[in-house]
$ cat protein_2.cif   # mmCIF, C-alpha atoms
data_model
#
loop_
_atom_site.label_atom_id
_atom_site.label_comp_id
_atom_site.auth_asym_id
_atom_site.auth_seq_id
_atom_site.Cartn_x
_atom_site.Cartn_y
_atom_site.Cartn_z
CA MET A 8 -6.64 -4.83 9.75
CA LEU A 9 -7.75 -2.76 6.81
CA ASP A 10 -5.73 -5.00 4.47
CA ILE A 11 -8.44 -7.67 4.83
CA ALA A 12 -11.34 -5.21 4.89
CA ASP A 13 -13.34 -6.92 2.14
CA GLU A 14 -13.66 -10.18 4.08
CA LEU A 15 -14.13 -8.52 7.47
CA ASN A 16 -16.82 -6.24 6.08
CA ARG A 17 -18.80 -9.32 5.02
CA TRP A 18 -18.52 -10.63 8.58
CA VAL A 19 -19.81 -7.31 9.91
CA GLU A 20 -22.77 -7.44 7.51
CA ARG A 21 -23.59 -10.94 8.79
CA GLU A 22 -23.40 -9.66 12.41
CA LEU A 23 -20.67 -12.19 13.22
CA ASP A 24 -18.44 -11.69 16.23
CA PHE A 25 -14.73 -11.91 15.44
CA ALA A 26 -11.29 -11.07 16.78
CA VAL A 27 -8.60 -9.47 14.67
CA ALA A 28 -4.85 -9.71 15.27
CA THR A 29 -2.85 -6.86 13.74
CA VAL A 30 0.89 -6.42 13.38
CA VAL A 31 1.70 -3.16 15.18
CA ALA A 32 5.52 -3.21 15.28
CA VAL A 33 8.34 -5.03 13.52
CA SER A 34 11.99 -5.36 14.51
CA GLY A 35 14.60 -7.07 12.37
CA SER A 36 13.61 -9.37 9.53
CA ALA A 37 9.91 -10.19 9.41
CA PRO A 38 7.63 -11.18 6.52
CA ARG A 39 4.73 -8.81 7.20
CA GLN A 40 4.65 -5.10 8.00
CA PRO A 41 2.50 -3.07 10.47
CA GLY A 42 -1.15 -3.27 9.50
CA ALA A 43 -1.05 -6.90 8.32
CA ALA A 44 -3.82 -8.85 10.02
CA LEU A 45 -5.31 -12.24 10.76
CA ALA A 46 -8.92 -12.56 11.92
CA VAL A 47 -10.97 -15.39 13.39
CA ASP A 48 -14.76 -15.40 13.55
CA SER A 49 -17.05 -17.03 16.12
CA GLU A 50 -17.33 -20.11 13.90
CA GLY A 51 -13.55 -20.63 13.89
CA THR A 52 -12.95 -19.45 10.32
CA ALA A 53 -9.61 -17.68 9.82
CA ILE A 54 -8.58 -15.17 7.16
CA GLY A 55 -5.41 -13.15 6.58
CA SER A 56 -1.89 -13.59 7.88
CA VAL A 57 0.48 -11.87 10.30
CA SER A 58 3.69 -13.80 9.72
CA GLY A 59 3.50 -15.86 6.57
CA GLY A 60 2.99 -19.01 8.66
CA CYS A 61 5.53 -18.81 11.50
CA VAL A 62 3.17 -17.92 14.35
CA GLU A 63 -0.28 -18.22 12.76
CA GLY A 64 -1.35 -21.10 15.00
CA ALA A 65 -0.52 -19.25 18.22
CA VAL A 66 -2.18 -16.05 16.99
CA TYR A 67 -5.28 -18.05 16.02
CA GLU A 68 -5.59 -19.27 19.61
CA LEU A 69 -5.13 -15.74 20.95
CA CYS A 70 -8.03 -14.60 18.77
CA ARG A 71 -10.22 -17.41 20.10
CA GLU A 72 -9.36 -16.39 23.67
CA ALA A 73 -10.14 -12.73 22.94
CA LEU A 74 -13.53 -13.72 21.56
CA GLU A 75 -14.30 -15.56 24.77
CA ASP A 76 -13.18 -13.01 27.36
CA GLY A 77 -13.61 -9.78 25.34
CA ARG A 78 -10.17 -8.54 26.36
CA THR A 79 -7.74 -6.71 24.06
CA ARG A 80 -4.19 -7.95 24.41
CA LEU A 81 -0.72 -7.18 23.05
CA GLU A 82 1.66 -10.09 22.44
CA ARG A 83 5.26 -10.24 21.20
CA PHE A 84 6.67 -13.02 19.04
CA GLY A 85 10.37 -13.42 18.39
CA TYR A 86 13.14 -15.97 17.97
CA SER A 87 16.06 -17.09 20.09
CA ASP A 88 18.50 -19.95 19.70
CA ALA A 89 17.57 -21.21 23.15
CA GLU A 90 13.96 -21.62 22.07
CA ALA A 91 14.48 -22.72 18.49
CA PHE A 92 11.41 -24.96 18.52
CA ALA A 93 9.15 -22.62 20.47
CA VAL A 94 6.55 -20.42 18.82
CA GLY A 95 8.44 -17.63 17.09
CA LEU A 96 9.72 -16.18 13.85
CA THR A 97 12.25 -18.44 12.19
CA CYS A 98 13.49 -15.49 10.13
CA GLY A 99 14.98 -13.94 13.28
CA GLY A 100 12.71 -10.91 13.62
CA VAL A 101 10.35 -9.73 16.34
CA ILE A 102 6.74 -8.67 15.83
CA ASP A 103 4.19 -7.18 18.22
CA ILE A 104 0.60 -8.30 17.66
CA LEU A 105 -2.49 -6.43 18.87
CA VAL A 106 -5.49 -8.74 19.30
CA THR A 107 -8.84 -6.94 19.39
CA PRO A 108 -12.23 -8.62 19.91
CA VAL A 109 -15.06 -7.17 17.79
CA ARG A 110 -18.25 -8.36 19.44
CA SER A 111 -21.86 -7.26 19.26
CA ALA A 112 -21.74 -6.69 23.03
CA ASP A 113 -19.11 -3.97 22.52
CA ARG A 114 -21.31 -1.86 20.25
CA PRO A 115 -19.50 1.56 20.31
CA VAL A 116 -16.11 0.11 19.32
CA ARG A 117 -17.72 -2.34 16.90
CA ASP A 118 -19.51 0.55 15.15
CA VAL A 119 -16.26 2.47 14.67
CA LEU A 120 -14.45 -0.56 13.28
CA ALA A 121 -17.42 -1.44 11.07
CA THR A 122 -17.39 2.04 9.53
CA ALA A 123 -13.64 1.79 8.93
CA LEU A 124 -14.01 -1.61 7.27
CA THR A 125 -16.86 -0.40 5.06
CA ALA A 126 -14.80 2.59 3.93
CA ALA A 127 -11.77 0.43 3.17
CA ALA A 128 -13.81 -2.23 1.36
CA SER A 129 -15.41 0.43 -0.86
CA GLY A 130 -12.10 2.13 -1.68
CA LYS A 131 -12.77 5.28 0.35
CA ALA A 132 -10.12 7.14 2.30
CA ALA A 133 -10.10 6.85 6.09
CA ALA A 134 -7.61 6.54 8.95
CA LEU A 135 -8.20 4.31 11.97
CA ALA A 136 -6.28 4.86 15.22
CA ARG A 137 -6.29 2.22 17.97
CA ILE A 138 -4.59 2.11 21.37
CA VAL A 139 -1.84 -0.53 21.35
CA SER A 140 -0.45 0.00 24.84
CA GLY A 141 -1.40 2.26 27.71
CA PRO A 142 -3.94 2.43 30.55
CA ALA A 143 -6.29 -0.55 30.69
CA GLU A 144 -9.38 1.64 30.26
CA LEU A 145 -8.11 2.84 26.87
CA MET A 146 -7.17 -0.54 25.43
CA GLY A 147 -9.41 -1.51 22.54
CA ARG A 148 -10.73 2.01 21.93
CA ALA A 149 -10.58 3.45 18.43
CA LEU A 150 -10.88 6.74 16.57
CA LEU A 151 -11.81 6.94 12.88
CA VAL A 152 -10.93 10.05 10.89
CA GLY A 153 -12.13 10.86 7.37
CA PRO A 154 -10.24 12.96 4.80
CA ASP A 155 -12.46 15.93 5.71
CA GLY A 156 -11.46 15.64 9.38
CA ARG A 157 -14.75 14.17 10.60
CA ARG A 158 -14.35 11.79 13.52
CA GLN A 159 -16.13 8.74 14.88
CA GLY A 160 -15.32 7.15 18.20
CA GLY A 161 -12.58 8.40 20.47
CA PHE A 162 -10.82 7.87 23.76
CA GLY A 163 -13.44 8.85 26.32
CA ALA A 164 -12.79 11.97 28.35
CA HIS A 165 -9.44 12.56 26.64
CA SER A 166 -10.56 15.31 24.25
CA GLU A 167 -7.06 16.70 23.76
CA LEU A 168 -5.82 13.21 22.94
CA ASP A 169 -8.61 12.87 20.37
CA ARG A 170 -7.60 16.16 18.75
CA THR A 171 -3.90 15.28 18.59
CA VAL A 172 -4.51 11.77 17.27
CA ALA A 173 -6.92 13.12 14.66
CA GLY A 174 -4.21 15.45 13.37
CA MET A 175 -1.69 12.63 13.18
CA ALA A 176 -4.24 10.35 11.51
CA LEU A 177 -4.86 12.94 8.79
CA ALA A 178 -1.12 13.22 8.18
CA HIS A 179 -0.85 9.45 7.85
CA LEU A 180 -3.86 9.39 5.56
CA ASP A 181 -2.35 12.06 3.32
CA ALA A 182 0.74 9.86 2.91
CA GLY A 183 -1.19 6.59 2.67
CA ARG A 184 0.88 5.32 5.58
CA THR A 185 0.32 2.82 8.39
CA ALA A 186 2.55 3.07 11.46
CA ALA A 187 2.72 3.07 15.25
CA VAL A 188 3.13 6.40 17.05
CA GLU A 189 3.90 7.27 20.66
CA MET A 190 2.65 10.13 22.80
CA GLY A 191 1.37 10.94 26.27
CA GLU A 192 -2.11 10.20 27.58
CA GLU A 193 -2.96 13.91 27.43
CA GLY A 194 -2.10 14.21 23.73
CA SER A 195 1.47 15.42 24.28
CA HIS A 196 4.51 14.14 26.14
CA CYS A 197 2.55 14.53 29.36
CA GLY A 198 0.72 11.75 31.19
CA THR A 199 0.96 8.00 30.88
CA PRO A 200 2.82 6.92 27.72
CA LEU A 201 0.62 5.59 24.94
CA THR A 202 1.33 3.71 21.74
CA LEU A 203 -1.22 3.88 18.95
CA LEU A 204 -1.48 2.15 15.61
CA ILE A 205 -2.72 4.38 12.81
CA GLU A 206 -3.90 2.49 9.72
CA SER A 207 -4.63 4.31 6.48
CA SER A 208 -7.16 3.15 3.94
CA VAL A 209 -6.59 4.85 0.61
CA PRO A 210 -7.76 4.05 -2.91
CA ALA A 211 -5.53 1.62 -4.79
CA PRO A 212 -2.56 3.27 -6.55
CA ARG A 213 -2.88 3.68 -10.29
CA MET A 214 -0.99 1.85 -13.00
CA ILE A 215 -1.54 3.33 -16.46
CA VAL A 216 -0.36 1.12 -19.31
CA PHE A 217 0.02 2.90 -22.65
CA GLY A 218 -0.06 0.66 -25.71
CA ALA A 219 -2.60 -2.11 -26.40
CA THR A 220 -0.06 -4.89 -27.03
CA ASP A 221 0.34 -8.49 -25.90
CA PHE A 222 3.02 -7.25 -23.47
CA ALA A 223 0.47 -4.79 -22.08
CA SER A 224 -2.06 -7.58 -21.56
CA ALA A 225 0.41 -9.53 -19.44
CA LEU A 226 1.43 -6.41 -17.50
CA VAL A 227 -2.21 -5.59 -16.74
CA ARG A 228 -2.61 -8.97 -15.07
CA MET A 229 0.57 -8.42 -13.09
CA GLY A 230 -0.53 -4.93 -12.06
CA LYS A 231 -3.82 -6.25 -10.74
CA PHE A 232 -1.96 -8.95 -8.82
CA LEU A 233 0.15 -6.23 -7.16
CA GLY A 234 -2.96 -4.30 -6.12
CA TYR A 235 -3.00 -1.47 -8.67
CA HIS A 236 -6.04 0.08 -10.28
CA VAL A 237 -5.04 -0.53 -13.90
CA THR A 238 -5.93 1.61 -16.92
CA VAL A 239 -5.05 0.72 -20.52
CA CYS A 240 -4.80 3.58 -22.99
CA ASP A 241 -4.21 3.47 -26.76
CA ALA A 242 -5.41 5.54 -29.69
CA ARG A 243 -6.21 2.46 -31.82
CA PRO A 244 -9.76 1.17 -31.13
CA VAL A 245 -9.28 -2.09 -33.01
CA PHE A 246 -6.70 -3.21 -30.40
CA THR A 247 -8.00 -1.43 -27.32
CA THR A 248 -10.90 -3.67 -26.38
CA ALA A 249 -12.33 -5.28 -23.25
CA ALA A 250 -11.93 -8.68 -24.87
CA ARG A 251 -8.15 -8.21 -25.09
CA PHE A 252 -7.87 -6.70 -21.59
CA PRO A 253 -10.47 -8.42 -19.39
CA ASP A 254 -8.47 -7.69 -16.23
CA ALA A 255 -8.21 -3.92 -16.76
CA ASP A 256 -10.25 -1.63 -14.51
CA GLU A 257 -10.52 0.97 -17.25
CA ILE A 258 -9.95 1.03 -21.01
CA VAL A 259 -9.41 4.37 -22.76
CA ILE A 260 -9.29 4.94 -26.52
CA GLU A 261 -7.42 8.21 -26.87
CA TRP A 262 -4.03 9.58 -27.83
CA PRO A 263 -1.88 8.73 -24.78
CA HIS A 264 -0.53 12.22 -24.07
CA HIS A 265 -4.00 13.76 -24.34
CA TYR A 266 -5.32 11.26 -21.80
CA LEU A 267 -2.38 11.83 -19.45
CA GLU A 268 -3.00 15.59 -19.61
CA ARG A 269 -6.53 15.23 -18.27
CA THR A 270 -6.34 12.31 -15.84
CA ASP A 271 -5.41 12.40 -12.16
CA VAL A 272 -2.03 11.08 -11.02
CA ASP A 273 -0.15 11.24 -7.74
CA GLU A 274 3.10 10.16 -6.09
CA ARG A 275 2.02 6.49 -6.12
CA THR A 276 1.08 6.37 -9.82
CA VAL A 277 3.02 4.07 -12.15
CA LEU A 278 3.25 4.87 -15.88
CA CYS A 279 4.30 2.12 -18.29
CA VAL A 280 4.84 3.17 -21.91
CA LEU A 281 4.68 0.11 -24.16
CA THR A 282 3.56 1.86 -27.36
CA HIS A 283 7.06 1.55 -28.90
CA ASP A 284 6.29 4.22 -31.48
CA PRO A 285 7.90 7.71 -31.49
CA LYS A 286 4.70 9.49 -32.47
CA PHE A 287 3.12 8.19 -29.25
CA ASP A 288 6.20 7.90 -27.03
CA VAL A 289 7.78 11.33 -27.40
CA PRO A 290 4.81 13.60 -26.55
CA LEU A 291 3.72 11.17 -23.83
CA LEU A 292 7.12 10.93 -22.13
CA HIS A 293 7.70 14.68 -22.47
CA LEU A 294 4.66 15.12 -20.23
CA ALA A 295 5.14 12.07 -18.00
CA LEU A 296 8.69 12.91 -16.94
CA ARG A 297 7.53 16.25 -15.55
CA LEU A 298 4.74 14.77 -13.44
CA PRO A 299 5.08 13.88 -9.72
CA VAL A 300 4.60 10.12 -10.26
CA ALA A 301 6.38 7.14 -8.71
CA TYR A 302 7.64 5.46 -11.85
CA VAL A 303 7.94 6.04 -15.61
CA GLY A 304 9.12 3.11 -17.72
CA ALA A 305 9.33 2.80 -21.51
CA MET A 306 9.81 -0.27 -23.69
CA GLY A 307 12.38 -0.40 -26.46
CA SER A 308 15.83 -1.57 -27.46
CA ARG A 309 18.96 0.29 -26.41
CA ARG A 310 19.10 1.85 -29.87
CA THR A 311 15.47 2.93 -29.50
CA HIS A 312 16.27 4.34 -26.07
CA LEU A 313 19.15 6.47 -27.37
CA ASP A 314 17.09 7.76 -30.30
CA ARG A 315 14.14 8.51 -28.02
CA ASN A 316 16.30 10.34 -25.49
CA GLN A 317 17.67 12.57 -28.25
CA ARG A 318 14.14 13.38 -29.42
CA LEU A 319 13.11 14.14 -25.84
CA ARG A 320 16.08 16.47 -25.36
CA GLU A 321 14.96 18.34 -28.45
CA THR A 322 11.56 18.89 -26.79
CA GLY A 323 13.31 20.64 -23.89
CA LEU A 324 13.67 17.89 -21.28
CA THR A 325 16.75 18.20 -19.08
CA ASP A 326 19.22 15.44 -18.19
CA GLN A 327 17.76 15.40 -14.68
CA GLU A 328 14.26 14.82 -16.04
CA LEU A 329 15.48 12.13 -18.43
CA ALA A 330 17.23 10.36 -15.56
CA ARG A 331 13.80 9.50 -14.16
CA LEU A 332 13.02 7.32 -17.17
CA ARG A 333 13.37 3.55 -16.69
CA SER A 334 14.40 2.53 -20.21
CA PRO A 335 14.92 -0.07 -21.47
CA VAL A 336 12.15 -0.95 -19.03
CA GLY A 337 12.44 -3.75 -16.45
CA LEU A 338 15.15 -5.74 -14.70
CA ASP A 339 17.56 -8.09 -16.45
CA LEU A 340 15.80 -11.44 -16.05
CA GLY A 341 16.50 -12.70 -19.54
CA ALA A 342 12.77 -12.30 -20.21
CA ARG A 343 11.38 -13.13 -23.64
CA THR A 344 7.66 -13.92 -23.44
CA PRO A 345 5.08 -11.21 -22.63
CA GLU A 346 4.51 -12.82 -19.23
CA GLU A 347 8.22 -12.88 -18.44
CA VAL A 348 8.60 -9.27 -19.54
CA ALA A 349 5.67 -8.34 -17.29
CA VAL A 350 7.46 -9.97 -14.33
CA SER A 351 10.62 -8.03 -15.25
CA ILE A 352 8.76 -4.70 -15.30
CA ALA A 353 6.81 -5.46 -12.12
CA SER A 354 10.05 -6.42 -10.37
CA GLN A 355 11.58 -3.06 -11.22
CA ILE A 356 8.46 -1.24 -10.01
CA VAL A 357 8.62 -3.08 -6.67
CA ALA A 358 12.37 -2.47 -6.34
CA ASP A 359 11.88 1.25 -6.97
CA ARG A 360 9.03 1.41 -4.49
CA ARG A 361 10.78 -0.52 -1.72
CA GLY A 362 14.36 0.59 -2.27
CA GLY A 363 15.57 -2.80 -3.49
CA SER A 364 18.79 -3.25 -5.44
CA GLY A 365 17.43 -5.74 -7.96
CA VAL A 366 20.36 -8.13 -7.40
CA SER A 367 19.97 -11.80 -6.44
CA LEU A 368 19.50 -12.42 -2.72
CA THR A 369 21.41 -15.70 -3.03
CA GLY A 370 25.00 -15.14 -1.95
CA GLY A 371 24.38 -11.44 -1.36
CA HIS A 372 24.52 -9.32 1.76
CA THR A 373 21.71 -6.86 1.03
CA PRO A 374 18.73 -6.74 3.45
CA ILE A 375 15.75 -8.88 2.46
CA HIS A 376 13.21 -6.32 3.73
CA HIS A 377 14.01 -2.66 3.08
CA ASP A 378 12.79 0.12 5.34
CA THR A 379 13.59 3.08 3.10
CA GLU A 380 11.70 6.27 3.89
CA THR A 381 9.77 7.50 0.87
CA LEU A 382 9.02 11.12 0.02
CA ALA A 383 5.42 10.56 1.12
CA GLN A 384 6.60 9.19 4.46
CA ARG A 385 8.91 12.16 5.00
CA ARG A 386 5.99 14.47 4.33
CA SER A 387 3.89 12.45 6.75
CA ARG A 388 6.56 12.76 9.45
CA THR A 389 6.79 16.52 8.89
CA ALA A 390 3.01 16.92 9.01
CA MET A 391 2.82 14.89 12.22
CA TRP A 392 5.47 17.10 13.84
CA ARG A 393 3.51 20.22 12.85
CA ALA A 394 0.30 18.70 14.22
CA TYR A 395 2.07 17.98 17.51
CA CYS A 396 3.63 21.43 17.75
#
$ encode --input "protein_2.cif" --output "structure tokens"
Amino acid sequence: MLDIADELNRWVERELDFAVATVVAVSGSAPRQPGAALAVDSEGTAIGSVSGGCVEGAVYELCREALEDGRTRLERFGYSDAEAFAVGLTCGGVIDILVTPVRSADRPVRDVLATALTAAASGKAAALARIVSGPAELMGRALLVGPDGRRQGGFGAHSELDRTVAGMALAHLDAGRTAAVEMGEEGSHCGTPLTLLIESSVPAPRMIVFGATDFASALVRMGKFLGYHVTVCDARPVFTTAARFPDADEIVIEWPHHYLERTDVDERTVLCVLTHDPKFDVPLLHLALRLPVAYVGAMGSRRTHLDRNQRLRETGLTDQELARLRSPVGLDLGARTPEEVAVSIASQIVADRRGGSGVSLTGGHTPIHHDTETLAQRRSRTAMWRAYC
């Protein structure tokens, strides 16, 4: 639901009633992951998507029904050869959809969801937990947890459940993760089994592009398209201008390694070095390859790459640290224009993030959707186990 927070927040501000359908579980091949949502307002307007088109019509009708009767429901959509023309996923997967009405008559729940949507729309961190399956009296209830642990909403008299879910929500928020979790009604393995969906709203990941070149301009546009908060940094003010980079969120005129020393990065940050000049590249990469970031890529020919690696070894970088460098940057697409090179780099970033191989899907046997567990997800799982224990 939080993936369409901007639009839903406008509906909340207009006091519109709406119903939101959220993907809560995926099995097999499916186009959207948990957290993806489609919403329908009281005027019949629809936004978002839960399946890329396969079951949108049926989910739209479920939202209209939920608006009328005020009832939260859980529906499963799948595919079978016997029902090839029935409503289902033609890609062969199975998805579970939680449909939640958000009406002015249900003020406590509406207030919790409105706060969550406002936080997500403004780029603030928050985690929203909703009951997916369990006792009827808990369906539709929600708990919102901020990064400081403050809560809004809850699950009625189930104070221990609130405490346990809050701990899990914080762990998910720390990892920027959205997922379904299972526990007992009493906050442990005891009581009626419950399934909850925990959605994390975190600020957009950062992409920092070093080098104010025409390739950088194309990559900035691609980074914005992928949902990054994009910064352009170069020491040359004549090239580093808002006119050349109208899509950038931030433009910095500074020596790249000095800027990288003072700015905040994390495990989702992507660093793209397009300066193509040793006096910029070497000190910048010496620092970048020792930071806990998701991706470090550098432009240059194979000869440039070998020369640069030798210079970096002389600064003290190890072979293990150098192995993190994606250089020459990008996937082999035969790219020539700045726009094509930007697609090549973005493709490599996505492949690294999702665990893709980068090979053609045509004629291959690799999975289309990868479910690799990232370092952040492993940390989330560990934190959730500690919270439970």
$ resolve_selection --input "protein_2.cif" --expression "the PyMOL selection byres ((chain A and resi 80) around 9)" --output "list of chain:residue names"
A:Leu69, A:Ala73, A:Arg78, A:Thr79, A:Leu81, A:Glu82, A:Ile104, A:Leu105, A:Val106, A:Thr107, A:Val139, A:Ser140, A:Met146, A:Gly147
$ write_last_selection --input "protein_2.cif" --atoms "C-alpha atoms" --output "PDB file, in the coordinates of the input"
ATOM      1  CA  LEU A  69      -5.130 -15.740  20.950  1.00  0.00           C
ATOM      2  CA  ALA A  73     -10.140 -12.730  22.940  1.00  0.00           C
ATOM      3  CA  ARG A  78     -10.170  -8.540  26.360  1.00  0.00           C
ATOM      4  CA  THR A  79      -7.740  -6.710  24.060  1.00  0.00           C
ATOM      5  CA  LEU A  81      -0.720  -7.180  23.050  1.00  0.00           C
ATOM      6  CA  GLU A  82       1.660 -10.090  22.440  1.00  0.00           C
ATOM      7  CA  ILE A 104       0.600  -8.300  17.660  1.00  0.00           C
ATOM      8  CA  LEU A 105      -2.490  -6.430  18.870  1.00  0.00           C
ATOM      9  CA  VAL A 106      -5.490  -8.740  19.300  1.00  0.00           C
ATOM     10  CA  THR A 107      -8.840  -6.940  19.390  1.00  0.00           C
ATOM     11  CA  VAL A 139      -1.840  -0.530  21.350  1.00  0.00           C
ATOM     12  CA  SER A 140      -0.450   0.000  24.840  1.00  0.00           C
ATOM     13  CA  MET A 146      -7.170  -0.540  25.430  1.00  0.00           C
ATOM     14  CA  GLY A 147      -9.410  -1.510  22.540  1.00  0.00           C
TER      15      GLY A 147
END
$ resolve_selection --input "protein_2.cif" --expression "the PyMOL selection byres ((chain A and resi 308) around 12)" --output "PyMOL selection string"
chain A and resi 281+283-284+305-307+309-315+334-337
$ write_last_selection --input "protein_2.cif" --atoms "C-alpha atoms" --output "PDB file, in the coordinates of the input"
ATOM      1  CA  LEU A 281       4.680   0.110 -24.160  1.00  0.00           C
ATOM      2  CA  HIS A 283       7.060   1.550 -28.900  1.00  0.00           C
ATOM      3  CA  ASP A 284       6.290   4.220 -31.480  1.00  0.00           C
ATOM      4  CA  ALA A 305       9.330   2.800 -21.510  1.00  0.00           C
ATOM      5  CA  MET A 306       9.810  -0.270 -23.690  1.00  0.00           C
ATOM      6  CA  GLY A 307      12.380  -0.400 -26.460  1.00  0.00           C
ATOM      7  CA  ARG A 309      18.960   0.290 -26.410  1.00  0.00           C
ATOM      8  CA  ARG A 310      19.100   1.850 -29.870  1.00  0.00           C
ATOM      9  CA  THR A 311      15.470   2.930 -29.500  1.00  0.00           C
ATOM     10  CA  HIS A 312      16.270   4.340 -26.070  1.00  0.00           C
ATOM     11  CA  LEU A 313      19.150   6.470 -27.370  1.00  0.00           C
ATOM     12  CA  ASP A 314      17.090   7.760 -30.300  1.00  0.00           C
ATOM     13  CA  ARG A 315      14.140   8.510 -28.020  1.00  0.00           C
ATOM     14  CA  SER A 334      14.400   2.530 -20.210  1.00  0.00           C
ATOM     15  CA  PRO A 335      14.920  -0.070 -21.470  1.00  0.00           C
ATOM     16  CA  VAL A 336      12.150  -0.950 -19.030  1.00  0.00           C
ATOM     17  CA  GLY A 337      12.440  -3.750 -16.450  1.00  0.00           C
TER      18      GLY A 337
END
$ closest_residue --input "protein_2.cif" --among "A:Gly230, A:Gly160, A:Pro253, A:Pro285" --to "Ala349 of chain A" --atoms "all atoms listed in the file"
A:Gly230
$ closest_atom_pairs --input "protein_2.cif" --of "segment 91-163 of chain A" --to "segment 207-216 of chain A" --cutoff "10 Å" --atoms "only C-alpha atoms" --output "Markdown table"
| residue | atom | partner | partner_atom | distance |
| --- | --- | --- | --- | --- |
| A:Ala123 | CA | A:Ser208 | CA | 8.3 |
| A:Leu124 | CA | A:Ser208 | CA | 9.0 |
| A:Ala126 | CA | A:Ser208 | CA | 7.7 |
| A:Ala127 | CA | A:Ser208 | CA | 5.4 |
| A:Ala128 | CA | A:Ser208 | CA | 8.9 |
| A:Ser129 | CA | A:Pro210 | CA | 8.7 |
| A:Gly130 | CA | A:Pro210 | CA | 4.9 |
| A:Lys131 | CA | A:Pro210 | CA | 6.1 |
| A:Ala132 | CA | A:Val209 | CA | 4.5 |
| A:Ala133 | CA | A:Ser208 | CA | 5.2 |
| A:Ala134 | CA | A:Ser207 | CA | 4.5 |
| A:Leu135 | CA | A:Ser207 | CA | 6.5 |
| A:Ala136 | CA | A:Ser207 | CA | 8.9 |
| A:Leu151 | CA | A:Ser207 | CA | 10.0 |
| A:Val152 | CA | A:Ser207 | CA | 9.6 |
| A:Gly153 | CA | A:Ser208 | CA | 9.8 |
| A:Pro154 | CA | A:Val209 | CA | 9.8 |
$ atom_distance --input "protein_2.cif" --atom1 "atom CA of Gly174 of chain A" --atom2 "atom CA of Leu150 of chain A"
11.4 Å
$ resolve_selection --input "protein_2.cif" --expression "the PyMOL selection byres ((chain A and resi 324) around 12)" --output "compact mmCIF listing (two decimals) with C-alpha atoms, in the frame of the given file"
# COMPACT_ATOMS: atom_id res chain seq x y z
CA VAL A 289 7.78 11.33 -27.40
CA PRO A 290 4.81 13.60 -26.55
CA LEU A 292 7.12 10.93 -22.13
CA HIS A 293 7.70 14.68 -22.47
CA LEU A 294 4.66 15.12 -20.23
CA ALA A 295 5.14 12.07 -18.00
CA LEU A 296 8.69 12.91 -16.94
CA ARG A 297 7.53 16.25 -15.55
CA ARG A 315 14.14 8.51 -28.02
CA ASN A 316 16.30 10.34 -25.49
CA GLN A 317 17.67 12.57 -28.25
CA ARG A 318 14.14 13.38 -29.42
CA LEU A 319 13.11 14.14 -25.84
CA ARG A 320 16.08 16.47 -25.36
CA GLU A 321 14.96 18.34 -28.45
CA THR A 322 11.56 18.89 -26.79
CA GLY A 323 13.31 20.64 -23.89
CA THR A 325 16.75 18.20 -19.08
CA ASP A 326 19.22 15.44 -18.19
CA GLN A 327 17.76 15.40 -14.68
CA GLU A 328 14.26 14.82 -16.04
CA LEU A 329 15.48 12.13 -18.43
CA ALA A 330 17.23 10.36 -15.56
CA ARG A 331 13.80 9.50 -14.16
CA LEU A 332 13.02 7.32 -17.17
$ residues_around --input "protein_2.cif" --residues "Gln355 of chain A" --least-positions-apart "4" --cutoff "12 Å" --atoms "all atoms listed in the file" --output "list in words"
Val277, Cys279, Ala301, Tyr302, Val303, Gly304, Arg333, Ser334, Pro335, Val336, Gly337, Leu338, Asp339, Leu340, Val348, Ala349, Val350, Ser351, Asp359, Arg360, Arg361, Gly362, Gly363, Ser364, Gly365 and Val366 of chain A
$ write_last_selection --input "protein_2.cif" --atoms "C-alpha atoms" --output "mmCIF file, in the coordinates of the input"
data_model
loop_
_atom_site.group_PDB
_atom_site.id
_atom_site.type_symbol
_atom_site.label_atom_id
_atom_site.label_comp_id
_atom_site.auth_asym_id
_atom_site.auth_seq_id
_atom_site.Cartn_x
_atom_site.Cartn_y
_atom_site.Cartn_z
ATOM 1 C CA VAL A 277 3.020 4.070 -12.150
ATOM 2 C CA CYS A 279 4.300 2.120 -18.290
ATOM 3 C CA ALA A 301 6.380 7.140 -8.710
ATOM 4 C CA TYR A 302 7.640 5.460 -11.850
ATOM 5 C CA VAL A 303 7.940 6.040 -15.610
ATOM 6 C CA GLY A 304 9.120 3.110 -17.720
ATOM 7 C CA ARG A 333 13.370 3.550 -16.690
ATOM 8 C CA SER A 334 14.400 2.530 -20.210
ATOM 9 C CA PRO A 335 14.920 -0.070 -21.470
ATOM 10 C CA VAL A 336 12.150 -0.950 -19.030
ATOM 11 C CA GLY A 337 12.440 -3.750 -16.450
ATOM 12 C CA LEU A 338 15.150 -5.740 -14.700
ATOM 13 C CA ASP A 339 17.560 -8.090 -16.450
ATOM 14 C CA LEU A 340 15.800 -11.440 -16.050
ATOM 15 C CA VAL A 348 8.600 -9.270 -19.540
ATOM 16 C CA ALA A 349 5.670 -8.340 -17.290
ATOM 17 C CA VAL A 350 7.460 -9.970 -14.330
ATOM 18 C CA SER A 351 10.620 -8.030 -15.250
ATOM 19 C CA ASP A 359 11.880 1.250 -6.970
ATOM 20 C CA ARG A 360 9.030 1.410 -4.490
ATOM 21 C CA ARG A 361 10.780 -0.520 -1.720
ATOM 22 C CA GLY A 362 14.360 0.590 -2.270
ATOM 23 C CA GLY A 363 15.570 -2.800 -3.490
ATOM 24 C CA SER A 364 18.790 -3.250 -5.440
ATOM 25 C CA GLY A 365 17.430 -5.740 -7.960
ATOM 26 C CA VAL A 366 20.360 -8.130 -7.400
#
$ atom_distance --input "protein_2.cif" --atom1 "atom CA of Glu206 of chain A" --atom2 "atom CA of Leu177 of chain A"
10.5 Å
